Amino acid sequence: MAIWKEQIPVKKDSSPLSLTPDPEVQPQTPADLAQPHEPVRRGVERKNAESVLAAGLTIEGTIAGNGDVRIAGQFHGDVNVQGSLTIEAGAKLVGGVRASNVIIDGELEGNIDAATRVELRSTGVLNGNLNTGSLTVAAGSRMRGQVEFGWTKEGAQRPDIAVERSFAS
């Protein structure tokens, strides 16, 4: 029985190496190098980026910034985002929430303040106070706390708020 190493021919690139600079790449000065740069993404329009805390993870701290957050694990701390917060079924958040839109499929122990829209889905549990412009409550969801919705900070009713209600029969 013979053992051998198969020889595979190496293909060389026949295109010549270009030393002409790319017109889209500008030379960098020391001042440019000191500034952080975001990668260039051509042809891609980015919407709010979504950060995900995966199931099986437990994290303590604070989440703040722009963008959307999806929690599938356990989070202990405050969430303050100018985007959407989604708490998935089986997930738990213990802390205060300030977000534009909040969707609760899991469990939230804490207050929601200044949200534009809150959706409490059928598996959702909210144990805390809620202040929002619009509230959707699905049959089967549970809540313990005080609720204010459809009001401005001055106390006048907001005419542009439509409230959806769903009740179990």
# chains A, B, ... in the order shown; residues from 1 in each chain; ligands from 1

$ residues_around --residues "Glu119 in chain A" --least-positions-apart "6" --cutoff "7 Å" --atoms "only C-alpha atoms" --output "PDB file with N, CA and C atoms, in the first residue's frame"
ATOM      1  N   VAL A 102     -43.037  49.498  24.011  1.00  0.00           N
ATOM      2  CA  VAL A 102     -42.729  48.369  24.888  1.00  0.00           C
ATOM      3  C   VAL A 102     -43.707  47.240  24.574  1.00  0.00           C
ATOM      4  N   ILE A 103     -43.146  46.055  24.298  1.00  0.00           N
ATOM      5  CA  ILE A 103     -43.954  44.857  24.052  1.00  0.00           C
ATOM      6  C   ILE A 103     -43.580  43.847  25.126  1.00  0.00           C
ATOM      7  N   ILE A 104     -44.582  43.393  25.873  1.00  0.00           N
ATOM      8  CA  ILE A 104     -44.319  42.466  26.978  1.00  0.00           C
ATOM      9  C   ILE A 104     -44.992  41.131  26.687  1.00  0.00           C
ATOM     10  N   LEU A 135     -52.257  51.996  25.052  1.00  0.00           N
ATOM     11  CA  LEU A 135     -52.139  50.700  25.725  1.00  0.00           C
ATOM     12  C   LEU A 135     -52.986  49.662  25.011  1.00  0.00           C
ATOM     13  N   THR A 136     -52.369  48.507  24.725  1.00  0.00           N
ATOM     14  CA  THR A 136     -53.088  47.362  24.187  1.00  0.00           C
ATOM     15  C   THR A 136     -52.911  46.220  25.169  1.00  0.00           C
ATOM     16  N   VAL A 137     -54.035  45.648  25.613  1.00  0.00           N
ATOM     17  CA  VAL A 137     -54.004  44.575  26.600  1.00  0.00           C
ATOM     18  C   VAL A 137     -54.692  43.353  26.003  1.00  0.00           C
TER      19      VAL A 137
END

$ select_by_dssp --residues "range 51-164 of chain A" --states "strand (DSSP E or B)" --output "ChimeraX atom specification"
/A:51-53,58-60,63-65,68-71,74-76,79-81,84-87,92-94,97-98,101-104,107-109,112-120,125-127,130-137,142-144,147-149,151,157,164

$ residues_around --residues "Asn80 in chain A" --least-positions-apart "4" --cutoff "12 Å" --atoms "only C-alpha atoms" --output "PDB file with C-alpha atoms, in the first residue's frame"
ATOM      1  CA  GLY A  61     -26.567  46.684  34.751  1.00  0.00           C
ATOM      2  CA  THR A  62     -28.117  49.482  32.727  1.00  0.00           C
ATOM      3  CA  ILE A  63     -29.112  49.600  29.076  1.00  0.00           C
ATOM      4  CA  ALA A  64     -29.248  53.092  27.544  1.00  0.00           C
ATOM      5  CA  GLY A  65     -29.047  54.593  24.064  1.00  0.00           C
ATOM      6  CA  ASN A  66     -30.661  54.592  20.636  1.00  0.00           C
ATOM      7  CA  GLY A  67     -31.913  51.431  18.998  1.00  0.00           C
ATOM      8  CA  ASP A  68     -34.145  48.507  19.791  1.00  0.00           C
ATOM      9  CA  VAL A  69     -33.608  45.960  22.566  1.00  0.00           C
ATOM     10  CA  SER A  84     -38.472  49.598  21.137  1.00  0.00           C
ATOM     11  CA  LEU A  85     -38.097  47.185  24.036  1.00  0.00           C
ATOM     12  CA  GLY A  95     -36.038  47.352  36.730  1.00  0.00           C
ATOM     13  CA  GLY A  96     -37.488  50.570  35.383  1.00  0.00           C
ATOM     14  CA  VAL A  97     -38.248  51.090  31.694  1.00  0.00           C
ATOM     15  CA  ARG A  98     -38.221  54.187  29.491  1.00  0.00           C
ATOM     16  CA  ALA A  99     -38.702  53.331  25.813  1.00  0.00           C
ATOM     17  CA  SER A 100     -40.747  54.540  22.862  1.00  0.00           C
ATOM     18  CA  ASN A 101     -42.541  51.215  22.397  1.00  0.00           C
ATOM     19  CA  VAL A 102     -42.729  48.369  24.888  1.00  0.00           C
ATOM     20  CA  ASN A 111     -42.388  50.744  36.240  1.00  0.00           C
ATOM     21  CA  ILE A 112     -42.830  51.843  32.636  1.00  0.00           C
ATOM     22  CA  ASP A 113     -42.684  55.603  32.208  1.00  0.00           C
ATOM     23  CA  ALA A 114     -43.175  57.891  29.196  1.00  0.00           C
ATOM     24  CA  ALA A 115     -43.731  55.181  26.606  1.00  0.00           C
TER      25      ALA A 115
END

$ atom_distance --atom1 "CA of Asp78 in chain A" --atom2 "CA of Trp151 in chain A"
23.9 Å

$ select_by_dssp --residues "range 30-151 of chain A" --states "helix (DSSP H, G or I)" --output "PyMOL selection string"
chain A and resi 30-34

$ write_last_selection --atoms "C-alpha atoms" --output "PDB file, in the first residue's frame"
ATOM      1  CA  PRO A  30      -3.035  62.118  12.284  1.00  0.00           C
ATOM      2  CA  ALA A  31      -6.153  64.122  13.210  1.00  0.00           C
ATOM      3  CA  ASP A  32      -8.302  61.682  11.178  1.00  0.00           C
ATOM      4  CA  LEU A  33      -6.761  58.701  12.922  1.00  0.00           C
ATOM      5  CA  ALA A  34      -7.706  60.144  16.325  1.00  0.00           C
TER       6      ALA A  34
END

$ atom_distance --atom1 "CA of Asn129 in chain A" --atom2 "CA of Ala91 in chain A"
19.0 Å

$ atom_distance --atom1 "CA of Gly145 in chain A" --atom2 "CA of Val125 in chain A"
11.0 Å

$ decode --residues "range 54-104 of chain A" --atoms "N, CA and C atoms" --output "PDB file, in the first residue's frame"
ATOM      1  N   ALA A  54     -29.803  37.070  24.808  1.00  0.00           N
ATOM      2  CA  ALA A  54     -30.279  35.733  24.468  1.00  0.00           C
ATOM      3  C   ALA A  54     -30.822  34.979  25.676  1.00  0.00           C
ATOM      4  N   ALA A  55     -31.678  34.012  25.395  1.00  0.00           N
ATOM      5  CA  ALA A  55     -32.223  33.141  26.434  1.00  0.00           C
ATOM      6  C   ALA A  55     -31.068  32.399  27.097  1.00  0.00           C
ATOM      7  N   GLY A  56     -31.171  32.168  28.371  1.00  0.00           N
ATOM      8  CA  GLY A  56     -30.126  31.473  29.106  1.00  0.00           C
ATOM      9  C   GLY A  56     -29.093  32.410  29.713  1.00  0.00           C
ATOM     10  N   LEU A  57     -29.133  33.702  29.362  1.00  0.00           N
ATOM     11  CA  LEU A  57     -28.198  34.671  29.929  1.00  0.00           C
ATOM     12  C   LEU A  57     -28.868  35.467  31.037  1.00  0.00           C
ATOM     13  N   THR A  58     -28.098  35.803  32.062  1.00  0.00           N
ATOM     14  CA  THR A  58     -28.553  36.703  33.112  1.00  0.00           C
ATOM     15  C   THR A  58     -27.536  37.827  33.203  1.00  0.00           C
ATOM     16  N   ILE A  59     -28.010  39.058  33.049  1.00  0.00           N
ATOM     17  CA  ILE A  59     -27.126  40.220  33.053  1.00  0.00           C
ATOM     18  C   ILE A  59     -27.692  41.256  34.010  1.00  0.00           C
ATOM     19  N   GLU A  60     -26.778  41.925  34.737  1.00  0.00           N
ATOM     20  CA  GLU A  60     -27.149  43.035  35.607  1.00  0.00           C
ATOM     21  C   GLU A  60     -26.467  44.285  35.100  1.00  0.00           C
ATOM     22  N   GLY A  61     -27.167  45.427  35.184  1.00  0.00           N
ATOM     23  CA  GLY A  61     -26.567  46.684  34.751  1.00  0.00           C
ATOM     24  C   GLY A  61     -27.615  47.653  34.271  1.00  0.00           C
ATOM     25  N   THR A  62     -27.228  48.484  33.301  1.00  0.00           N
ATOM     26  CA  THR A  62     -28.117  49.482  32.727  1.00  0.00           C
ATOM     27  C   THR A  62     -27.981  49.428  31.212  1.00  0.00           C
ATOM     28  N   ILE A  63     -29.111  49.512  30.532  1.00  0.00           N
ATOM     29  CA  ILE A  63     -29.112  49.600  29.076  1.00  0.00           C
ATOM     30  C   ILE A  63     -29.623  50.986  28.727  1.00  0.00           C
ATOM     31  N   ALA A  64     -28.839  51.742  27.938  1.00  0.00           N
ATOM     32  CA  ALA A  64     -29.248  53.092  27.544  1.00  0.00           C
ATOM     33  C   ALA A  64     -28.738  53.378  26.147  1.00  0.00           C
ATOM     34  N   GLY A  65     -29.504  54.178  25.385  1.00  0.00           N
ATOM     35  CA  GLY A  65     -29.047  54.593  24.064  1.00  0.00           C
ATOM     36  C   GLY A  65     -30.152  54.571  23.036  1.00  0.00           C
ATOM     37  N   ASN A  66     -29.732  54.645  21.768  1.00  0.00           N
ATOM     38  CA  ASN A  66     -30.661  54.592  20.636  1.00  0.00           C
ATOM     39  C   ASN A  66     -30.682  53.168  20.109  1.00  0.00           C
ATOM     40  N   GLY A  67     -31.808  52.765  19.563  1.00  0.00           N
ATOM     41  CA  GLY A  67     -31.913  51.431  18.998  1.00  0.00           C
ATOM     42  C   GLY A  67     -32.954  50.614  19.727  1.00  0.00           C
ATOM     43  N   ASP A  68     -33.150  49.410  19.231  1.00  0.00           N
ATOM     44  CA  ASP A  68     -34.145  48.507  19.791  1.00  0.00           C
ATOM     45  C   ASP A  68     -33.446  47.452  20.635  1.00  0.00           C
ATOM     46  N   VAL A  69     -34.147  46.986  21.670  1.00  0.00           N
ATOM     47  CA  VAL A  69     -33.608  45.960  22.566  1.00  0.00           C
ATOM     48  C   VAL A  69     -34.624  44.832  22.664  1.00  0.00           C
ATOM     49  N   ARG A  70     -34.133  43.594  22.535  1.00  0.00           N
ATOM     50  CA  ARG A  70     -34.970  42.409  22.696  1.00  0.00           C
ATOM     51  C   ARG A  70     -34.363  41.578  23.813  1.00  0.00           C
ATOM     52  N   ILE A  71     -35.160  41.290  24.843  1.00  0.00           N
ATOM     53  CA  ILE A  71     -34.686  40.503  25.973  1.00  0.00           C
ATOM     54  C   ILE A  71     -35.363  39.141  25.937  1.00  0.00           C
ATOM     55  N   ALA A  72     -34.531  38.094  25.849  1.00  0.00           N
ATOM     56  CA  ALA A  72     -35.039  36.727  25.863  1.00  0.00           C
ATOM     57  C   ALA A  72     -34.542  35.998  27.105  1.00  0.00           C
ATOM     58  N   GLY A  73     -33.604  36.597  27.833  1.00  0.00           N
ATOM     59  CA  GLY A  73     -33.050  36.004  29.048  1.00  0.00           C
ATOM     60  C   GLY A  73     -33.522  36.762  30.276  1.00  0.00           C
ATOM     61  N   GLN A  74     -32.624  36.928  31.246  1.00  0.00           N
ATOM     62  CA  GLN A  74     -32.926  37.621  32.499  1.00  0.00           C
ATOM     63  C   GLN A  74     -32.090  38.895  32.558  1.00  0.00           C
ATOM     64  N   PHE A  75     -32.722  40.030  32.880  1.00  0.00           N
ATOM     65  CA  PHE A  75     -31.989  41.283  33.002  1.00  0.00           C
ATOM     66  C   PHE A  75     -32.422  41.983  34.274  1.00  0.00           C
ATOM     67  N   HIS A  76     -31.440  42.408  35.077  1.00  0.00           N
ATOM     68  CA  HIS A  76     -31.698  43.147  36.317  1.00  0.00           C
ATOM     69  C   HIS A  76     -31.072  44.523  36.158  1.00  0.00           C
ATOM     70  N   GLY A  77     -31.899  45.553  36.037  1.00  0.00           N
ATOM     71  CA  GLY A  77     -31.422  46.921  35.877  1.00  0.00           C
ATOM     72  C   GLY A  77     -32.407  47.726  35.054  1.00  0.00           C
ATOM     73  N   ASP A  78     -32.084  48.999  34.871  1.00  0.00           N
ATOM     74  CA  ASP A  78     -32.963  49.906  34.142  1.00  0.00           C
ATOM     75  C   ASP A  78     -32.673  49.878  32.650  1.00  0.00           C
ATOM     76  N   VAL A  79     -33.726  50.089  31.867  1.00  0.00           N
ATOM     77  CA  VAL A  79     -33.613  50.160  30.408  1.00  0.00           C
ATOM     78  C   VAL A  79     -34.132  51.528  29.980  1.00  0.00           C
ATOM     79  N   ASN A  80     -33.279  52.304  29.298  1.00  0.00           N
ATOM     80  CA  ASN A  80     -33.652  53.633  28.831  1.00  0.00           C
ATOM     81  C   ASN A  80     -33.201  53.756  27.376  1.00  0.00           C
ATOM     82  N   VAL A  81     -34.110  53.456  26.442  1.00  0.00           N
ATOM     83  CA  VAL A  81     -33.776  53.468  25.022  1.00  0.00           C
ATOM     84  C   VAL A  81     -34.763  54.332  24.256  1.00  0.00           C
ATOM     85  N   GLN A  82     -34.269  54.919  23.167  1.00  0.00           N
ATOM     86  CA  GLN A  82     -35.129  55.698  22.279  1.00  0.00           C
ATOM     87  C   GLN A  82     -35.529  54.834  21.096  1.00  0.00           C
ATOM     88  N   GLY A  83     -36.018  53.681  21.391  1.00  0.00           N
ATOM     89  CA  GLY A  83     -36.459  52.710  20.396  1.00  0.00           C
ATOM     90  C   GLY A  83     -37.472  51.800  21.053  1.00  0.00           C
ATOM     91  N   SER A  84     -37.518  50.567  20.606  1.00  0.00           N
ATOM     92  CA  SER A  84     -38.472  49.598  21.137  1.00  0.00           C
ATOM     93  C   SER A  84     -37.792  48.635  22.094  1.00  0.00           C
ATOM     94  N   LEU A  85     -38.532  48.224  23.104  1.00  0.00           N
ATOM     95  CA  LEU A  85     -38.097  47.185  24.036  1.00  0.00           C
ATOM     96  C   LEU A  85     -39.087  46.041  23.915  1.00  0.00           C
ATOM     97  N   THR A  86     -38.569  44.844  23.670  1.00  0.00           N
ATOM     98  CA  THR A  86     -39.407  43.646  23.603  1.00  0.00           C
ATOM     99  C   THR A  86     -38.920  42.665  24.652  1.00  0.00           C
ATOM    100  N   ILE A  87     -39.833  42.215  25.500  1.00  0.00           N
ATOM    101  CA  ILE A  87     -39.526  41.186  26.493  1.00  0.00           C
ATOM    102  C   ILE A  87     -40.242  39.929  26.021  1.00  0.00           C
ATOM    103  N   GLU A  88     -39.473  38.949  25.584  1.00  0.00           N
ATOM    104  CA  GLU A  88     -40.046  37.741  25.001  1.00  0.00           C
ATOM    105  C   GLU A  88     -40.625  36.825  26.070  1.00  0.00           C
ATOM    106  N   ALA A  89     -41.491  35.901  25.645  1.00  0.00           N
ATOM    107  CA  ALA A  89     -42.089  34.919  26.546  1.00  0.00           C
ATOM    108  C   ALA A  89     -40.975  34.117  27.212  1.00  0.00           C
ATOM    109  N   GLY A  90     -41.058  33.949  28.515  1.00  0.00           N
ATOM    110  CA  GLY A  90     -40.041  33.227  29.274  1.00  0.00           C
ATOM    111  C   GLY A  90     -38.925  34.122  29.784  1.00  0.00           C
ATOM    112  N   ALA A  91     -38.865  35.370  29.335  1.00  0.00           N
ATOM    113  CA  ALA A  91     -37.832  36.314  29.772  1.00  0.00           C
ATOM    114  C   ALA A  91     -38.342  37.120  30.958  1.00  0.00           C
ATOM    115  N   LYS A  92     -37.387  37.693  31.712  1.00  0.00           N
ATOM    116  CA  LYS A  92     -37.764  38.511  32.869  1.00  0.00           C
ATOM    117  C   LYS A  92     -36.850  39.716  32.976  1.00  0.00           C
ATOM    118  N   LEU A  93     -37.457  40.883  33.179  1.00  0.00           N
ATOM    119  CA  LEU A  93     -36.723  42.122  33.405  1.00  0.00           C
ATOM    120  C   LEU A  93     -37.136  42.653  34.764  1.00  0.00           C
ATOM    121  N   VAL A  94     -36.160  42.963  35.609  1.00  0.00           N
ATOM    122  CA  VAL A  94     -36.421  43.568  36.913  1.00  0.00           C
ATOM    123  C   VAL A  94     -35.759  44.933  36.890  1.00  0.00           C
ATOM    124  N   GLY A  95     -36.572  45.996  36.788  1.00  0.00           N
ATOM    125  CA  GLY A  95     -36.038  47.352  36.730  1.00  0.00           C
ATOM    126  C   GLY A  95     -37.005  48.281  36.032  1.00  0.00           C
ATOM    127  N   GLY A  96     -36.662  49.562  36.022  1.00  0.00           N
ATOM    128  CA  GLY A  96     -37.488  50.570  35.383  1.00  0.00           C
ATOM    129  C   GLY A  96     -37.265  50.611  33.881  1.00  0.00           C
ATOM    130  N   VAL A  97     -38.305  51.057  33.152  1.00  0.00           N
ATOM    131  CA  VAL A  97     -38.248  51.090  31.694  1.00  0.00           C
ATOM    132  C   VAL A  97     -38.683  52.455  31.189  1.00  0.00           C
ATOM    133  N   ARG A  98     -37.870  53.009  30.289  1.00  0.00           N
ATOM    134  CA  ARG A  98     -38.221  54.187  29.491  1.00  0.00           C
ATOM    135  C   ARG A  98     -37.878  53.831  28.056  1.00  0.00           C
ATOM    136  N   ALA A  99     -38.901  53.693  27.217  1.00  0.00           N
ATOM    137  CA  ALA A  99     -38.702  53.331  25.813  1.00  0.00           C
ATOM    138  C   ALA A  99     -39.872  53.869  25.008  1.00  0.00           C
ATOM    139  N   SER A 100     -39.668  54.049  23.716  1.00  0.00           N
ATOM    140  CA  SER A 100     -40.747  54.540  22.862  1.00  0.00           C
ATOM    141  C   SER A 100     -41.886  53.543  22.771  1.00  0.00           C
ATOM    142  N   ASN A 101     -41.549  52.285  22.492  1.00  0.00           N
ATOM    143  CA  ASN A 101     -42.541  51.215  22.397  1.00  0.00           C
ATOM    144  C   ASN A 101     -42.093  50.067  23.284  1.00  0.00           C
ATOM    145  N   VAL A 102     -43.037  49.498  24.011  1.00  0.00           N
ATOM    146  CA  VAL A 102     -42.729  48.369  24.888  1.00  0.00           C
ATOM    147  C   VAL A 102     -43.707  47.240  24.574  1.00  0.00           C
ATOM    148  N   ILE A 103     -43.146  46.055  24.298  1.00  0.00           N
ATOM    149  CA  ILE A 103     -43.954  44.857  24.052  1.00  0.00           C
ATOM    150  C   ILE A 103     -43.580  43.847  25.126  1.00  0.00           C
ATOM    151  N   ILE A 104     -44.582  43.393  25.873  1.00  0.00           N
ATOM    152  CA  ILE A 104     -44.319  42.466  26.978  1.00  0.00           C
ATOM    153  C   ILE A 104     -44.992  41.131  26.687  1.00  0.00           C
TER     154      ILE A 104
END
